[in-house]
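J.: Sending over a structure as structure tokens; questions will come in a sec.
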Amino acid sequence: MTELTERDVLDALATVIDRERCQDVVTLGMVKGLRIQDGHVMFALEVEASRGPRLEPLRKEAEEVVHKLKGVVTARAMLTAERPASTGGPAAPRRSAGAPQRQAPMHGELLPEVKAIVAVASGKGGVGKSTTAVNLAVALARQGHRTGLLDADVYGPSMRRLLGIAGNPGSSDGVRLDAMERFGIKAMSMAFLVEEETPIVWRGPMVQSALEQMMRDVAWGALDVLVVDMPPGTGDTQLTMAQRVPLAGAVIVSTPQDIALIDARKGLNMFRKVDVPVLGIIENMSYFICPHCQGRTDIFGHGGAEEEAQRLGVDFLGGIPLDVAIRETSDGGTPIVVADPDGEHAKAYLGIASRVWERVEAVIAGRAASAPRIVIQ
């Protein structure tokens, strides 16, 4: 069978006409970030921000044209818009930094069947956030909750390795990707769509569009909770999630030392600024127990995250030790909650999951109580 090429896709897209500009999208240079992987095709159509809301039919047409090509399993088109450069005219009104507005998704509602969305975040990398997110998701599933896991770190996705998932997602209906399933959870990650060594060199708007597609165009089904593994820091992805979907809350992961807590504080304050409840702080790599002498060493200090939680007025959700078993099971693609379900580490994650779920339920109940009631007399 002849392998599908970029030329095949571009030739097909050359038949898609932007009727406002009377030329095809290829000639106009609108096609960006084209990727082909095992029959899965992804690309973006770069448009002016002002035209974005009315170009959904163009996006759909481009997607359908590519999907009809021989050898295409799924086709995913995204609209991405560049903010126009300033021309020296009067500045647009500025919103207060403390009161950002939620923005409606460009293409319909995102995640309509998901009851609660929980972001797992950190102010910096290297604190074990992804390992924590995976074990938290598996722990929630073990406790009977229908759970999904979204890897929102588009540049550095890790879920294929952490979950031990092989292969690529298919499409049961030819329209949406099927979420990958493992250990009782549904998962989606850019790691399932590109080779592990392939760098993703995208600008911010394309990352935002890809993230929205992993929410909107994946068959998640009905979920009680979707755990979102956020990239480190306080950038575009965090703002996209805060503005595009109603987050039930955020969980902050930090190590005990002061330098990590400074960055964790920034992440926490970012979520507060965008009106996302902070469900609490987890102290990862909290302490080390020597496997030979059973002596305890506080390598990064101890209790710093708990003290910080008290100082900032948020809940301390629990501590996870620095242990070679957690590292080995993560690298091996079997989270510790699965590999040793009755062990102390699994119990720690399960306890954290219970506390997170209690706070999620409180947020959901609060939203329901604040909803307007219609009384017919």
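Going by the structure tokens order, chains are called A, B, ..., each with residues numbered from 1, while ligands are numbered from 1 in the order shown.
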Give me, as JSON lines, the closest atom pair and its distance (Å, one decimal) for every residue of range 265-371 of chain A within a cut-off of 12 Å of range 153-159 of chain A, counting only C-alpha atoms, rows sorted by chain and rising number.
T.:
```
{"residue": "A:Ser330", "atom": "CA", "partner": "A:Met159", "partner_atom": "CA", "distance": 10.0}
{"residue": "A:Asp331", "atom": "CA", "partner": "A:Ser158", "partner_atom": "CA", "distance": 10.2}
{"residue": "A:Gly332", "atom": "CA", "partner": "A:Met159", "partner_atom": "CA", "distance": 11.7}
{"residue": "A:Gly333", "atom": "CA", "partner": "A:Met159", "partner_atom": "CA", "distance": 8.8}
{"residue": "A:Thr334", "atom": "CA", "partner": "A:Met159", "partner_atom": "CA", "distance": 11.1}
{"residue": "A:Pro335", "atom": "CA", "partner": "A:Met159", "partner_atom": "CA", "distance": 11.1}
```
J.: Report as a PyMOL selection string: the residues of range 52-290 of chain A with a DSSP assignment of alpha helix (DSSP H), based on the backbone of this structure.
T.: chain A and resi 56-67+129-142+159-163+204-216+236-244+258-273
J.: Point out the residue among A:Arg216, A:Lys124, A:Lys347, A:His67 with the least atom-to-atom distance to Leu261 in chain A, counting only C-alpha atoms.
T.: A:Lys124
J.: Write out as a ChimeraX atom specification each polymer residue whose atoms come within 12 Å of Arg296 in chain A, counting only C-alpha atoms; drop sequence neighbours fewer than 3 positions from it.
T.: /A:286-293,299,301-302,321-323
J.: Using N, CA and C atoms, can you write the selected residues to a file as a PDB file, in the first residue's frame?
T.:
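The result, written out as out_22.pdb:
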```pdb
ATOM      1  N   SER A 286       8.769  13.757  50.016  1.00  0.00           N
ATOM      2  CA  SER A 286       8.680  14.355  51.341  1.00  0.00           C
ATOM      3  C   SER A 286       9.806  13.893  52.266  1.00  0.00           C
ATOM      4  N   TYR A 287      10.191  12.625  52.147  1.00  0.00           N
ATOM      5  CA  TYR A 287      11.267  12.086  52.982  1.00  0.00           C
ATOM      6  C   TYR A 287      11.782  10.812  52.310  1.00  0.00           C
ATOM      7  N   PHE A 288      12.897  10.299  52.791  1.00  0.00           N
ATOM      8  CA  PHE A 288      13.497   9.100  52.214  1.00  0.00           C
ATOM      9  C   PHE A 288      13.748   8.081  53.312  1.00  0.00           C
ATOM     10  N   ILE A 289      13.273   6.842  53.086  1.00  0.00           N
ATOM     11  CA  ILE A 289      13.538   5.737  54.011  1.00  0.00           C
ATOM     12  C   ILE A 289      14.569   4.818  53.369  1.00  0.00           C
ATOM     13  N   CYS A 290      15.704   4.648  54.004  1.00  0.00           N
ATOM     14  CA  CYS A 290      16.766   3.788  53.464  1.00  0.00           C
ATOM     15  C   CYS A 290      16.277   2.341  53.402  1.00  0.00           C
ATOM     16  N   PRO A 291      16.363   1.713  52.239  1.00  0.00           N
ATOM     17  CA  PRO A 291      15.880   0.325  52.129  1.00  0.00           C
ATOM     18  C   PRO A 291      16.749  -0.673  52.891  1.00  0.00           C
ATOM     19  N   HIS A 292      17.945  -0.259  53.320  1.00  0.00           N
ATOM     20  CA  HIS A 292      18.861  -1.173  54.001  1.00  0.00           C
ATOM     21  C   HIS A 292      18.756  -1.053  55.521  1.00  0.00           C
ATOM     22  N   CYS A 293      18.826   0.172  56.016  1.00  0.00           N
ATOM     23  CA  CYS A 293      18.811   0.351  57.475  1.00  0.00           C
ATOM     24  C   CYS A 293      17.479   0.888  57.989  1.00  0.00           C
ATOM     25  N   ILE A 299      15.829  14.536  52.753  1.00  0.00           N
ATOM     26  CA  ILE A 299      16.798  15.015  51.767  1.00  0.00           C
ATOM     27  C   ILE A 299      16.500  16.449  51.340  1.00  0.00           C
ATOM     28  N   GLY A 301      14.509  18.514  53.029  1.00  0.00           N
ATOM     29  CA  GLY A 301      13.781  19.114  54.133  1.00  0.00           C
ATOM     30  C   GLY A 301      12.467  18.359  54.294  1.00  0.00           C
ATOM     31  N   HIS A 302      11.646  18.774  55.252  1.00  0.00           N
ATOM     32  CA  HIS A 302      10.376  18.078  55.461  1.00  0.00           C
ATOM     33  C   HIS A 302       9.357  19.054  56.055  1.00  0.00           C
ATOM     34  N   PRO A 321       6.614   9.898  49.863  1.00  0.00           N
ATOM     35  CA  PRO A 321       8.064   9.798  50.079  1.00  0.00           C
ATOM     36  C   PRO A 321       8.851   9.720  48.774  1.00  0.00           C
ATOM     37  N   LEU A 322      10.132   9.991  48.883  1.00  0.00           N
ATOM     38  CA  LEU A 322      11.070   9.744  47.790  1.00  0.00           C
ATOM     39  C   LEU A 322      11.488   8.281  47.905  1.00  0.00           C
ATOM     40  N   ASP A 323      11.082   7.470  46.926  1.00  0.00           N
ATOM     41  CA  ASP A 323      11.323   6.034  47.035  1.00  0.00           C
ATOM     42  C   ASP A 323      11.649   5.462  45.667  1.00  0.00           C
TER      43      ASP A 323
END
```
J.: Interatomic distance between CA of Val228 in chain A and CA of Ile252 in chain A?
T.: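 Between these atoms lies a distance of 11.9 Å.
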J.: I'd like to know which of A:Ile336, A:Gly280, A:Trp357, A:Ser254 is closest to Gly126 in chain A, using only C-alpha atoms.
T.: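 Of A:Ile336, A:Gly280, A:Trp357, A:Ser254, the one nearest Gly126 in chain A is A:Ser254, counting only C-alpha atoms.
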J.: Using only C-alpha atoms, can you tell me which of A:Val31, A:Ala179, A:Val356, A:Leu149 comes closest to Phe316 in chain A?
T.: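 Of A:Val31, A:Ala179, A:Val356, A:Leu149, the one nearest Phe316 in chain A, counting only C-alpha atoms, is A:Val356.
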